[in-house]
Structure formats: structure tokens, C-alpha cells
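Structure data follow from protein31.csv (CSV, C-alpha atoms (C1' of nucleotides)):
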chain,number,residue,atom,x,y,z
T,1,MET,CA,11.0,-31.6,7.9
T,2,ASN,CA,14.3,-32.2,6.3
T,3,TYR,CA,16.4,-29.3,7.3
T,4,LYS,CA,18.8,-28.2,10.0
T,5,ILE,CA,18.6,-25.2,12.3
T,6,VAL,CA,21.9,-23.7,13.3
T,7,GLU,CA,22.5,-20.8,15.7
T,8,LYS,CA,24.9,-18.1,14.6
T,9,ASP,CA,25.9,-14.7,15.8
T,10,LYS,CA,22.7,-12.7,16.3
T,11,GLY,CA,20.7,-15.0,14.1
T,12,ILE,CA,19.6,-18.4,12.9
T,13,VAL,CA,20.5,-20.3,9.8
T,14,ILE,CA,18.3,-23.0,8.3
T,15,GLU,CA,20.3,-25.2,6.2
T,16,GLY,CA,18.8,-27.2,3.3
T,17,ILE,CA,15.3,-25.9,3.5
T,18,LYS,CA,12.9,-26.5,0.6
T,19,ASP,CA,9.9,-24.5,-0.5
T,20,PHE,CA,11.1,-21.2,1.0
T,21,VAL,CA,11.9,-18.2,-1.2
T,22,PRO,CA,11.7,-14.9,0.7
T,23,GLU,CA,10.6,-12.9,-2.4
T,24,HIS,CA,7.7,-15.3,-3.0
T,25,ILE,CA,6.6,-15.3,0.6
T,26,LEU,CA,7.0,-11.6,1.4
T,27,ASP,CA,5.9,-10.2,-1.9
T,28,CYS,CA,2.8,-12.2,-2.6
T,29,GLY,CA,0.4,-9.7,-0.9
T,30,GLN,CA,-0.2,-11.4,2.4
T,31,SER,CA,1.9,-8.9,4.4
T,32,PHE,CA,2.5,-5.2,4.2
T,33,ARG,CA,5.4,-4.8,6.5
T,34,TRP,CA,8.4,-6.1,4.7
T,35,VAL,CA,11.0,-4.0,2.9
T,36,LEU,CA,13.4,-5.2,0.2
T,37,GLU,CA,17.0,-4.2,1.1
T,38,ASP,CA,19.8,-3.5,-1.3
T,39,ASP,CA,21.4,-6.9,-0.6
T,40,LYS,CA,18.1,-8.6,-1.7
T,41,SER,CA,17.2,-9.5,1.9
T,42,TYR,CA,13.9,-8.5,3.5
T,43,THR,CA,13.5,-6.7,6.7
T,44,GLY,CA,10.1,-6.8,8.4
T,45,VAL,CA,8.3,-5.9,11.6
T,46,ALA,CA,6.1,-8.6,13.0
T,47,MET,CA,5.0,-9.8,16.5
T,48,GLY,CA,6.6,-6.7,18.0
T,49,ARG,CA,10.0,-7.5,16.6
T,50,VAL,CA,12.2,-6.7,13.7
T,51,ILE,CA,13.7,-9.5,11.7
T,52,ASN,CA,15.8,-9.7,8.5
T,53,VAL,CA,15.5,-12.6,6.1
T,54,ASN,CA,18.1,-13.5,3.5
T,55,MET,CA,18.7,-16.5,1.2
T,56,GLU,CA,22.1,-17.9,0.3
T,57,GLY,CA,22.0,-21.0,-1.8
T,58,ASN,CA,19.8,-23.5,0.0
T,59,ASN,CA,20.2,-21.7,3.3
T,60,VAL,CA,17.9,-19.1,4.8
T,61,ILE,CA,19.4,-16.7,7.2
T,62,PHE,CA,17.3,-15.0,9.9
T,63,ASN,CA,19.1,-12.0,11.4
T,64,ASN,CA,18.3,-10.3,14.7
T,65,THR,CA,16.8,-13.3,16.5
T,66,ASP,CA,17.9,-16.1,18.7
T,67,LEU,CA,17.0,-19.8,19.2
T,68,ASP,CA,14.3,-19.1,21.7
T,69,ASP,CA,12.4,-16.5,19.7
T,70,PHE,CA,12.9,-18.7,16.6
T,71,LYS,CA,11.3,-21.7,18.2
T,72,ASN,CA,8.5,-19.7,20.0
T,73,ILE,CA,7.7,-17.2,17.3
T,74,TRP,CA,9.3,-17.4,13.8
T,75,TYR,CA,8.9,-21.2,13.3
T,76,ASP,CA,5.2,-20.8,13.5
T,77,TYR,CA,5.1,-17.4,11.8
T,78,PHE,CA,6.9,-18.7,8.7
T,79,ASP,CA,4.9,-22.0,8.8
T,80,LEU,CA,8.0,-24.1,9.0
T,81,GLY,CA,6.3,-27.2,10.3
T,82,ARG,CA,4.3,-27.6,7.1
T,83,ASP,CA,5.3,-29.8,4.2
T,84,TYR,CA,4.8,-27.5,1.2
T,85,GLY,CA,6.2,-30.2,-1.1
T,86,LYS,CA,3.2,-32.4,-0.4
T,87,ILE,CA,0.8,-29.5,-0.9
T,88,LYS,CA,2.4,-28.6,-4.3
T,89,GLU,CA,2.4,-32.2,-5.3
T,90,LYS,CA,-1.4,-32.5,-4.7
T,91,LEU,CA,-2.2,-29.1,-6.4
T,92,SER,CA,0.0,-29.9,-9.4
T,93,LYS,CA,-2.6,-32.5,-10.6
T,94,ASP,CA,-4.3,-29.4,-11.8
T,95,ASP,CA,-2.6,-28.1,-15.0
T,96,VAL,CA,-3.0,-24.4,-14.3
T,97,LEU,CA,-1.7,-24.8,-10.7
T,98,LYS,CA,1.2,-26.8,-12.0
T,99,GLU,CA,2.2,-23.9,-14.1
T,100,ALA,CA,1.5,-21.3,-11.3
T,101,ILE,CA,3.6,-23.2,-8.8
T,102,LYS,CA,6.6,-22.9,-11.1
T,103,TYR,CA,6.5,-19.1,-10.6
T,104,GLY,CA,5.9,-19.1,-6.9
T,105,GLU,CA,7.5,-22.3,-5.8
T,106,GLY,CA,8.8,-20.8,-2.6
T,107,ILE,CA,5.5,-19.4,-1.3
T,108,ARG,CA,4.4,-20.0,2.2
T,109,ILE,CA,1.4,-18.7,4.0
T,110,LEU,CA,2.5,-16.7,7.1
T,111,ASN,CA,0.7,-17.0,10.4
T,112,GLN,CA,0.3,-13.4,11.2
T,113,ASP,CA,-1.3,-11.5,14.0
T,114,GLU,CA,-5.1,-11.4,13.7
T,115,TRP,CA,-5.5,-7.8,14.8
T,116,GLU,CA,-2.8,-6.4,12.5
T,117,ILE,CA,-4.2,-8.4,9.6
T,118,LEU,CA,-7.7,-7.3,10.3
T,119,ILE,CA,-6.8,-3.6,10.1
T,120,SER,CA,-4.4,-4.0,7.2
T,121,PHE,CA,-7.0,-5.7,5.0
T,122,ILE,CA,-9.6,-3.1,5.9
T,123,ILE,CA,-7.1,-0.6,4.5
T,124,SER,CA,-6.6,-2.8,1.4
T,125,ALA,CA,-10.2,-2.3,0.1
T,126,ASN,CA,-10.1,-0.4,-3.2
T,127,ASN,CA,-6.5,0.5,-2.6
T,128,ARG,CA,-3.1,-0.1,-4.0
T,129,ILE,CA,-0.3,-2.0,-2.3
T,130,PRO,CA,2.2,1.0,-1.9
T,131,MET,CA,-0.7,3.0,-0.4
T,132,ILE,CA,-1.6,0.2,1.9
T,133,LYS,CA,2.0,-0.2,3.1
T,134,ARG,CA,2.2,3.6,3.6
T,135,ALA,CA,-0.9,3.7,5.7
T,136,VAL,CA,0.1,0.7,7.9
T,137,ASN,CA,3.5,2.3,8.4
T,138,ASN,CA,2.0,5.6,9.3
T,139,ILE,CA,-0.3,4.1,11.9
T,140,SER,CA,2.6,2.1,13.4
T,141,GLN,CA,4.9,5.1,13.4
T,142,ARG,CA,2.2,7.2,15.2
T,143,TRP,CA,1.1,4.7,17.8
T,144,GLY,CA,3.5,1.8,17.8
T,145,LYS,CA,6.5,1.1,19.9
T,146,HIS,CA,10.0,2.1,18.7
T,147,ILE,CA,12.3,-0.8,17.8
T,148,PHE,CA,15.9,-0.1,16.9
T,149,TYR,CA,17.7,-2.3,14.4
T,150,ASN,CA,20.8,-1.8,12.3
T,151,GLY,CA,20.9,1.9,12.7
T,152,LYS,CA,17.2,2.4,11.9
T,153,THR,CA,14.0,2.9,13.9
T,154,TYR,CA,11.1,0.6,13.2
T,155,TYR,CA,7.7,0.6,14.7
T,156,SER,CA,5.5,-2.2,16.0
T,157,PHE,CA,1.8,-2.2,15.0
T,158,PRO,CA,-0.2,-0.6,17.9
T,159,LYS,CA,-2.6,-2.7,20.1
T,160,PRO,CA,-6.4,-2.5,19.7
T,161,ASP,CA,-6.8,-0.4,22.9
T,162,VAL,CA,-4.4,2.2,21.5
T,163,LEU,CA,-6.3,2.6,18.2
T,164,ALA,CA,-9.6,2.5,20.0
T,165,ASN,CA,-8.6,5.7,21.8
T,166,ALA,CA,-7.5,7.5,18.7
T,167,THR,CA,-10.0,9.5,16.7
T,168,ALA,CA,-11.2,8.7,13.2
T,169,ASP,CA,-9.6,12.0,12.1
T,170,GLU,CA,-6.2,11.0,13.5
T,171,ILE,CA,-6.5,7.7,11.7
T,172,LYS,CA,-7.5,9.4,8.5
T,173,GLU,CA,-4.3,11.5,8.8
T,174,CYS,CA,-2.3,8.3,8.3
T,175,GLY,CA,-3.6,8.1,4.8
T,176,THR,CA,-6.4,5.6,5.3
T,177,GLY,CA,-9.0,7.8,3.5
T,178,PHE,CA,-12.7,6.8,3.8
T,179,ARG,CA,-11.7,3.6,5.7
T,180,ALA,CA,-10.7,5.7,8.8
T,181,LYS,CA,-14.1,5.4,10.3
T,182,TYR,CA,-14.2,1.6,9.7
T,183,ILE,CA,-10.8,1.2,11.5
T,184,SER,CA,-11.9,3.4,14.4
T,185,GLU,CA,-15.1,1.5,14.8
T,186,THR,CA,-13.4,-1.9,14.4
T,187,ALA,CA,-10.8,-1.0,17.0
T,188,LYS,CA,-13.5,0.0,19.5
T,189,MET,CA,-15.3,-3.3,18.9
T,190,VAL,CA,-12.2,-5.4,19.4
T,191,SER,CA,-11.2,-3.4,22.4
T,192,LYS,CA,-14.6,-3.9,24.0
T,193,ARG,CA,-14.5,-7.5,23.0
T,194,GLU,CA,-17.7,-7.3,21.1
T,195,VAL,CA,-16.0,-9.9,18.9
T,196,ASP,CA,-13.5,-12.2,20.5
T,197,LEU,CA,-10.9,-11.7,17.7
T,198,TYR,CA,-8.3,-14.0,19.1
T,199,GLY,CA,-10.8,-16.8,19.7
T,200,LEU,CA,-11.9,-17.0,16.1
T,201,LYS,CA,-9.3,-19.5,15.1
T,202,ASP,CA,-10.9,-22.2,17.2
T,203,ILE,CA,-14.6,-21.8,16.2
T,204,GLY,CA,-14.5,-23.0,12.6
T,205,TYR,CA,-14.4,-21.3,9.2
T,206,GLU,CA,-18.1,-20.5,8.8
T,207,ASN,CA,-18.5,-19.2,12.3
T,208,ALA,CA,-15.3,-17.2,12.2
T,209,ARG,CA,-16.3,-15.6,9.0
T,210,GLN,CA,-19.7,-14.6,10.3
T,211,GLU,CA,-18.0,-12.9,13.3
T,212,LEU,CA,-15.5,-11.1,11.0
T,213,LEU,CA,-18.3,-9.7,8.8
T,214,LYS,CA,-19.7,-7.9,11.8
T,215,PHE,CA,-16.7,-5.4,11.6
T,216,PRO,CA,-17.4,-2.4,9.4
T,217,GLY,CA,-15.1,-2.4,6.3
T,218,VAL,CA,-15.0,-6.2,6.4
T,219,GLY,CA,-16.8,-7.9,3.5
T,220,PRO,CA,-16.4,-11.3,1.8
T,221,LYS,CA,-12.9,-10.7,0.4
T,222,VAL,CA,-11.3,-9.0,3.4
T,223,SER,CA,-12.8,-11.6,5.7
T,224,ASP,CA,-11.2,-14.4,3.6
T,225,CYS,CA,-7.8,-12.7,3.8
T,226,ILE,CA,-8.0,-12.5,7.6
T,227,LEU,CA,-9.1,-16.1,7.9
T,228,LEU,CA,-6.3,-17.3,5.6
T,229,PHE,CA,-3.4,-15.1,6.7
T,230,SER,CA,-3.9,-15.0,10.4
T,231,MET,CA,-6.2,-17.9,11.5
T,232,GLY,CA,-5.0,-20.9,9.6
T,233,TYR,CA,-8.3,-21.5,7.7
T,234,TYR,CA,-6.8,-22.9,4.5
T,235,LYS,CA,-10.2,-23.4,3.0
T,236,ALA,CA,-10.5,-19.7,2.5
T,237,PHE,CA,-10.1,-18.5,-1.1
T,238,PRO,CA,-10.0,-14.7,-1.3
T,239,VAL,CA,-11.1,-13.5,-4.7
T,240,ASP,CA,-9.5,-10.1,-5.5
T,241,VAL,CA,-9.2,-8.6,-8.9
T,242,TRP,CA,-6.2,-10.7,-9.9
T,243,VAL,CA,-7.6,-14.0,-8.7
T,244,LYS,CA,-10.8,-13.1,-10.5
T,245,ARG,CA,-8.9,-12.4,-13.7
T,246,VAL,CA,-7.0,-15.7,-13.5
T,247,MET,CA,-10.0,-17.7,-12.6
T,248,ARG,CA,-12.1,-16.3,-15.4
T,249,HIS,CA,-9.2,-16.8,-17.8
T,250,PHE,CA,-8.6,-20.5,-17.0
T,251,TYR,CA,-11.6,-21.9,-15.2
T,252,VAL,CA,-14.9,-20.2,-15.3
T,253,ALA,CA,-17.0,-18.1,-17.7
T,254,GLU,CA,-16.7,-14.3,-17.8
T,255,ASP,CA,-20.1,-13.6,-16.1
T,256,VAL,CA,-19.6,-15.8,-13.1
T,257,SER,CA,-20.0,-13.9,-9.8
T,258,LEU,CA,-17.2,-13.6,-7.2
T,259,LYS,CA,-19.2,-15.8,-4.8
T,260,LYS,CA,-19.5,-18.5,-7.4
T,261,ILE,CA,-15.8,-18.3,-8.2
T,262,GLU,CA,-15.0,-18.9,-4.5
T,263,GLU,CA,-17.4,-21.8,-4.4
T,264,PHE,CA,-15.9,-23.3,-7.5
T,265,ALA,CA,-12.4,-23.0,-6.1
T,266,GLN,CA,-13.3,-24.5,-2.7
T,267,ASP,CA,-15.1,-27.4,-4.4
T,268,ARG,CA,-12.0,-28.0,-6.6
T,269,PHE,CA,-9.2,-27.4,-4.2
T,270,LYS,CA,-10.9,-28.3,-0.9
T,271,ASP,CA,-8.7,-27.7,2.2
T,272,LEU,CA,-5.9,-26.5,0.0
T,273,SER,CA,-7.9,-23.6,-1.5
T,274,GLY,CA,-5.9,-21.0,0.3
T,275,PHE,CA,-2.6,-22.3,-0.9
T,276,ALA,CA,-4.0,-22.5,-4.5
T,277,GLN,CA,-5.1,-18.9,-4.2
T,278,GLU,CA,-1.7,-17.7,-3.3
T,279,TYR,CA,0.0,-19.6,-6.2
T,280,LEU,CA,-2.6,-18.3,-8.6
T,281,PHE,CA,-2.3,-14.7,-7.3
T,282,TYR,CA,1.4,-14.6,-7.6
T,283,TYR,CA,1.3,-16.2,-11.0
T,284,ALA,CA,-1.3,-13.8,-12.3
T,285,ARG,CA,0.3,-10.8,-10.9
T,286,ASN,CA,3.9,-11.5,-11.8
T,287,SER,CA,3.9,-13.5,-15.0
T,288,MET,CA,0.8,-12.5,-16.9
T,289,GLY,CA,-0.4,-9.1,-18.0
T,290,LYS,CA,-3.8,-7.7,-17.2
T,291,ASP,CA,-4.7,-7.6,-20.9
T,292,GLU,CA,-3.5,-11.1,-21.5
T,293,LEU,CA,-5.6,-12.4,-18.6
T,294,GLU,CA,-8.7,-10.6,-19.7
T,295,GLN,CA,-8.7,-12.2,-23.1
T,296,MET,CA,-10.9,-15.2,-23.0
T,297,SER,CA,-9.2,-18.6,-22.8
T,298,THR,CA,-10.1,-21.3,-25.3
T,299,ASN,CA,-9.3,-24.3,-23.1
T,300,LYS,CA,-11.9,-24.1,-20.4
D,301,DT,C1',0.7,21.4,-17.2
D,302,DT,C1',-3.8,19.9,-16.1
D,303,DG,C1',-7.3,16.5,-15.8
D,304,DC,C1',-9.1,12.2,-15.2
D,305,DA,C1',-9.5,7.2,-14.6
D,306,DG,C1',-8.8,3.5,-11.6
D,307,DG,C1',-7.1,0.7,-7.8
D,308,DG,C1',-5.9,-6.4,-3.4
D,309,DG,C1',-13.9,-3.9,-1.9
D,310,DT,C1',-17.5,-2.3,1.1
D,311,DC,C1',-21.5,0.1,2.2
D,312,DA,C1',-26.0,2.0,1.5
D,313,DA,C1',-29.9,2.7,-1.2
I,314,DT,C1',-27.5,-4.3,-8.5
I,315,DT,C1',-25.2,0.2,-8.7
I,316,DG,C1',-22.6,4.3,-7.5
I,317,DA,C1',-19.8,6.8,-4.0
I,318,DC,C1',-15.7,6.7,-1.6
I,319,DC,C1',-9.8,8.9,0.1
I,320,DC,C1',-6.0,9.7,-2.3
I,321,DC,C1',-2.2,8.9,-5.1
I,322,DT,C1',-0.2,7.4,-9.5
I,323,DG,C1',0.0,6.9,-14.4
I,324,DC,C1',-1.1,8.5,-18.6
I,325,DA,C1',-3.3,11.3,-22.2
Final C-alpha cells representation of the file:
Amino acid sequence: MNYKIVEKDKGIVIEGIKDFVPEHILDCGQSFRWVLEDDKSYTGVAMGRVINVNMEGNNVIFNNTDLDDFKNIWYDYFDLGRDYGKIKEKLSKDDVLKEAIKYGEGIRILNQDEWEILISFIISANNRIPMIKRAVNNISQRWGKHIFYNGKTYYSFPKPDVLANATADEIKECGTGFRAKYISETAKMVSKREVDLYGLKDIGYENARQELLKFPGVGPKVSDCILLFSMGYYKAFPVDVWVKRVMRHFYVAEDVSLKKIEEFAQDRFKDLSGFAQEYLFYYARNSMGKDELEQMSTNK
DNA sequence: TTGCAGGGGTCAA
DNA sequence: TTGACCCCTGCA
């Protein structure tokens, strides 16, 4: 990649990076643990650490890390080894994607922790983003480890064994609602290794998906999110309400099922389906109104 | 002020 | 294929 990594006081600066906009990456629905600060930077908890990300011109500044952690953790987490320019070039052959990419040009798909993403997306079912964030935060605050940064206390996401030992009622108290029993049961299954969660990235998309569907609270959409956001299966195309709206608006008829929409996208976008999904999601959610999207398009 | 619909789906019938 | 589901917010 054509950028330069420079060490600075308590942080790292990447000079001249392309295809990296913190807002696009951290506010496109793939992660629930980032907070927008007054100075427009983002502070997040991931991989048991706190990191702050800011953008100045063509430079991205990572505060509260060092070169070792950057190489070992954040380089992979922020997917910095991938050429998003090439991905965008390929996807831009599609007219709708070309437009969508203009809105989310700096999107990257993070490589997040499988376990945290599994639980976070169980919580996401029939829920709203602020509520999801609150529940994940509450769980972390109750069972995670303290991390101090910049005068504030942050909390890591607790390990499977810890949540497996919590009761469903305690999990419900964190604001998870009817999903509490799913989380409790899932934590026990992971803890007992009934499913080898951390081995799923090596067994292929279809197999990994079948394994994920064994967890209560994990259906087609949630499993696709886990596959895409934590396991590197870029063929996955999660169809949530926004993607459904944008797909029906631009590509398929109004009565096409969610399963058919996914198949249509995977046939069209192949191994780049997951990237296409993120651009479309961001585009639909940030630049088009719900009503606008639900009007039928004329140029199918 | 109160009441009600609905939300990044999944489960059970 | 359809309704229930926690719980909070937005809007009559």
C-alpha cells in the first residue's frame, strides 16, 4: 500500500493513506463500540484496548498505541493491507454502486473479534443502534475489565466463560430484553466449545454459516454479519431493512424474498458482496430517506 | 399527558 | 407464513 507509518508520542500516524475515513468506517453499522468525540475523533474499545482515531488532511492519527500493537493488532483490525481502491474500481462498474461509493468512499470492513460480534449481533435483532450500543456497553461495564484512558474508564468486552457464568436475568438487566436467554445459551455453548467459534474462519463460508446457525438468536442475517465483520467471509451479504429497501429500489422487484435478494447480490457481486453491502447500507441510510427508497424505481 | 407503533430479526407454531 | 417478543423513542 502506498502510505507511510510514523511513530509519534503515544501514537501512530499514517501519512497519505487512501480509502480511510473514520466516520465511514466506524459509523456504518459494523461496530457498536465507538464514540464520536467533540474534536470529531472516534474513541473505541476493541481487542481489550482503547484507541482513538482522528483524521487530519490525508493523515490518520491513532492515539494510545505503539508500533508493536499497531503492527500486531490494529493493522489487521482496520484491514490496512487491503487495496480498497481496487475493490471500488471493480464495484463501480455497477452504476448504483458507483453512486453509493461516493457517499462512503472511506469505508473499510473491520476484522473484529468473533465472540464480541456474535453477541453484539444477537442483540441487534429487532433493535435500534443506540439501544444495541447501550446493551453492549452495559454488558462490558458489568463483566469486562477496566481500562483507563484520557481521564475516563472504559471496559473491555467480557470473555465467553464470564458470560456463561452469568444468569439470563443478569444479562437481561443490561437492556438486552428477550435476547437475554439467547445470549446466555450462546455463551454456554461457546464456553463448552459445542461450536469452535474461533475455528470458523478456516472452514469455508457455507460450513461456518451452518455452525453459526446453531446458536439461538442467530438467523440468516445475523450469521452473515458475523461472517463478514469478524471472519473475513466477503461473500456474505447481510440483508437488513436498509439493504432490503435499497435493493428493492434499484435491483429487484418488491415481492422478492430476503433469501433471493442475498442470492441476487452474491451472483452479481461475487467475492465482493460484503463490500458492496456496506457501501449500499451506508448510502441508503445516510443519503436517502426511507420514503424515497420505498417508492418503486423505474430503472430496474 | 398518554398511548401506540415500530425498530440492523429470530423463534415457534 | 405469521405473530410475539424487551424496551425505548418519536409522534399523534
Which residues come within 8 Å of Ile183 of chain T, counting all atoms listed in the file, excluding same-chain residues fewer than 4 positions away, as JSON, numbers by chain?
{"T": [119, 122, 168, 171, 179, 187, 216, 217]}
What lies within 10 Å of segment 317-320 of chain I using only C-alpha atoms (C1' of nucleotides), ignoring chain neighbours under 3 positions off, as a short mmCIF file (atom, residue, chain, number, x, y, z; two decimals) with C-alpha atoms (C1' of nucleotides), keeping the file's coordinate frame?
data_model
loop_
_atom_site.label_atom_id
_atom_site.label_comp_id
_atom_site.auth_asym_id
_atom_site.auth_seq_id
_atom_site.Cartn_x
_atom_site.Cartn_y
_atom_site.Cartn_z
CA ASN T 126 -10.10 -0.40 -3.20
CA ASN T 127 -6.50 0.50 -2.60
CA MET T 131 -0.70 3.00 -0.40
CA LYS T 172 -7.50 9.40 8.50
CA GLY T 175 -3.60 8.10 4.80
CA THR T 176 -6.40 5.60 5.30
CA GLY T 177 -9.00 7.80 3.50
CA PHE T 178 -12.70 6.80 3.80
CA ARG T 179 -11.70 3.60 5.70
CA ALA T 180 -10.70 5.70 8.80
"C1'" DT D 310 -17.50 -2.30 1.10
"C1'" DC D 311 -21.50 0.10 2.20
"C1'" DA D 312 -26.00 2.00 1.50
#
For chain D against chain T, which residues fall within 6 Å using only C-alpha atoms (C1' of nucleotides), given as a short mmCIF file (atom, residue, chain, number, x, y, z; two decimals) with C-alpha atoms (C1' of nucleotides), in the frame of the given file?
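The resulting file, selection02.cif, is reproduced below:
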data_model
loop_
_atom_site.label_atom_id
_atom_site.label_comp_id
_atom_site.auth_asym_id
_atom_site.auth_seq_id
_atom_site.Cartn_x
_atom_site.Cartn_y
_atom_site.Cartn_z
"C1'" DG D 307 -7.10 0.70 -7.80
"C1'" DG D 308 -5.90 -6.40 -3.40
"C1'" DG D 309 -13.90 -3.90 -1.90
"C1'" DT D 310 -17.50 -2.30 1.10
#
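Taking atom CA of Arg142 of chain T and atom CA of Val195 of chain T as endpoints, the distance between them is 25.2 Å.
Our summary of the geometry notes that atom CA of Leu118 of chain T is positioned 13.2 Å from atom CA of Ser191 of chain T.
Using only C-alpha atoms (C1' of nucleotides) for every distance, the candidate list T:Leu80, T:Cys174, T:Ile87, T:Leu227 yields T:Cys174 as the residue closest to chain I.
Proximity to chain I was assessed for T:Phe70, T:Tyr205, T:Glu173, T:Trp115 counting only C-alpha atoms (C1' of nucleotides); the smallest distance is recorded for T:Glu173.
Among the candidates T:Gly144, T:Pro158, T:Gly232, T:Pro130, the residue lying nearest to chain I is T:Pro130 (atoms considered: only C-alpha atoms (C1' of nucleotides)).
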Can segment 148-161 of chain T be brought up to N, CA, C and O atoms and written out as a tab-separated table (two decimals), in the coordinates of the input?
chain	number	residue	atom	x	y	z
T	148	PHE	N	14.70	-0.47	17.59
T	148	PHE	CA	15.90	-0.10	16.90
T	148	PHE	C	16.60	-1.33	16.31
T	148	PHE	O	16.73	-2.34	16.97
T	149	TYR	N	16.98	-1.23	15.06
T	149	TYR	CA	17.70	-2.30	14.40
T	149	TYR	C	18.61	-1.80	13.34
T	149	TYR	O	18.13	-1.09	12.44
T	150	ASN	N	19.87	-2.14	13.40
T	150	ASN	CA	20.80	-1.80	12.30
T	150	ASN	C	20.81	-0.34	11.96
T	150	ASN	O	20.81	0.03	10.78
T	151	GLY	N	20.77	0.49	12.97
T	151	GLY	CA	20.90	1.90	12.70
T	151	GLY	C	19.57	2.59	12.31
T	151	GLY	O	19.56	3.78	12.01
T	152	LYS	N	18.48	1.82	12.26
T	152	LYS	CA	17.20	2.40	11.90
T	152	LYS	C	16.16	2.19	12.96
T	152	LYS	O	16.28	1.28	13.77
T	153	THR	N	15.14	3.02	12.93
T	153	THR	CA	14.00	2.90	13.90
T	153	THR	C	12.84	2.23	13.15
T	153	THR	O	12.44	2.71	12.09
T	154	TYR	N	12.32	1.20	13.75
T	154	TYR	CA	11.10	0.60	13.20
T	154	TYR	C	10.00	0.71	14.25
T	154	TYR	O	10.26	1.08	15.39
T	155	TYR	N	8.78	0.43	13.84
T	155	TYR	CA	7.70	0.60	14.70
T	155	TYR	C	6.73	-0.59	14.70
T	155	TYR	O	6.33	-1.03	13.62
T	156	SER	N	6.40	-1.08	15.89
T	156	SER	CA	5.50	-2.20	16.00
T	156	SER	C	4.06	-1.71	15.64
T	156	SER	O	3.78	-0.51	15.73
T	157	PHE	N	3.18	-2.63	15.29
T	157	PHE	CA	1.80	-2.20	15.00
T	157	PHE	C	1.10	-2.06	16.38
T	157	PHE	O	1.19	-2.92	17.25
T	158	PRO	N	0.39	-0.94	16.57
T	158	PRO	CA	-0.20	-0.60	17.90
T	158	PRO	C	-1.33	-1.63	18.26
T	158	PRO	O	-1.98	-2.20	17.39
T	159	LYS	N	-1.54	-1.80	19.54
T	159	LYS	CA	-2.60	-2.70	20.10
T	159	LYS	C	-3.96	-2.13	19.87
T	159	LYS	O	-4.11	-0.92	19.71
T	160	PRO	N	-4.99	-2.97	19.91
T	160	PRO	CA	-6.40	-2.50	19.70
T	160	PRO	C	-6.77	-1.36	20.64
T	160	PRO	O	-7.36	-0.37	20.17
T	161	ASP	N	-6.42	-1.44	21.92
T	161	ASP	CA	-6.80	-0.40	22.90
T	161	ASP	C	-6.27	0.98	22.43
T	161	ASP	O	-6.93	2.00	22.59
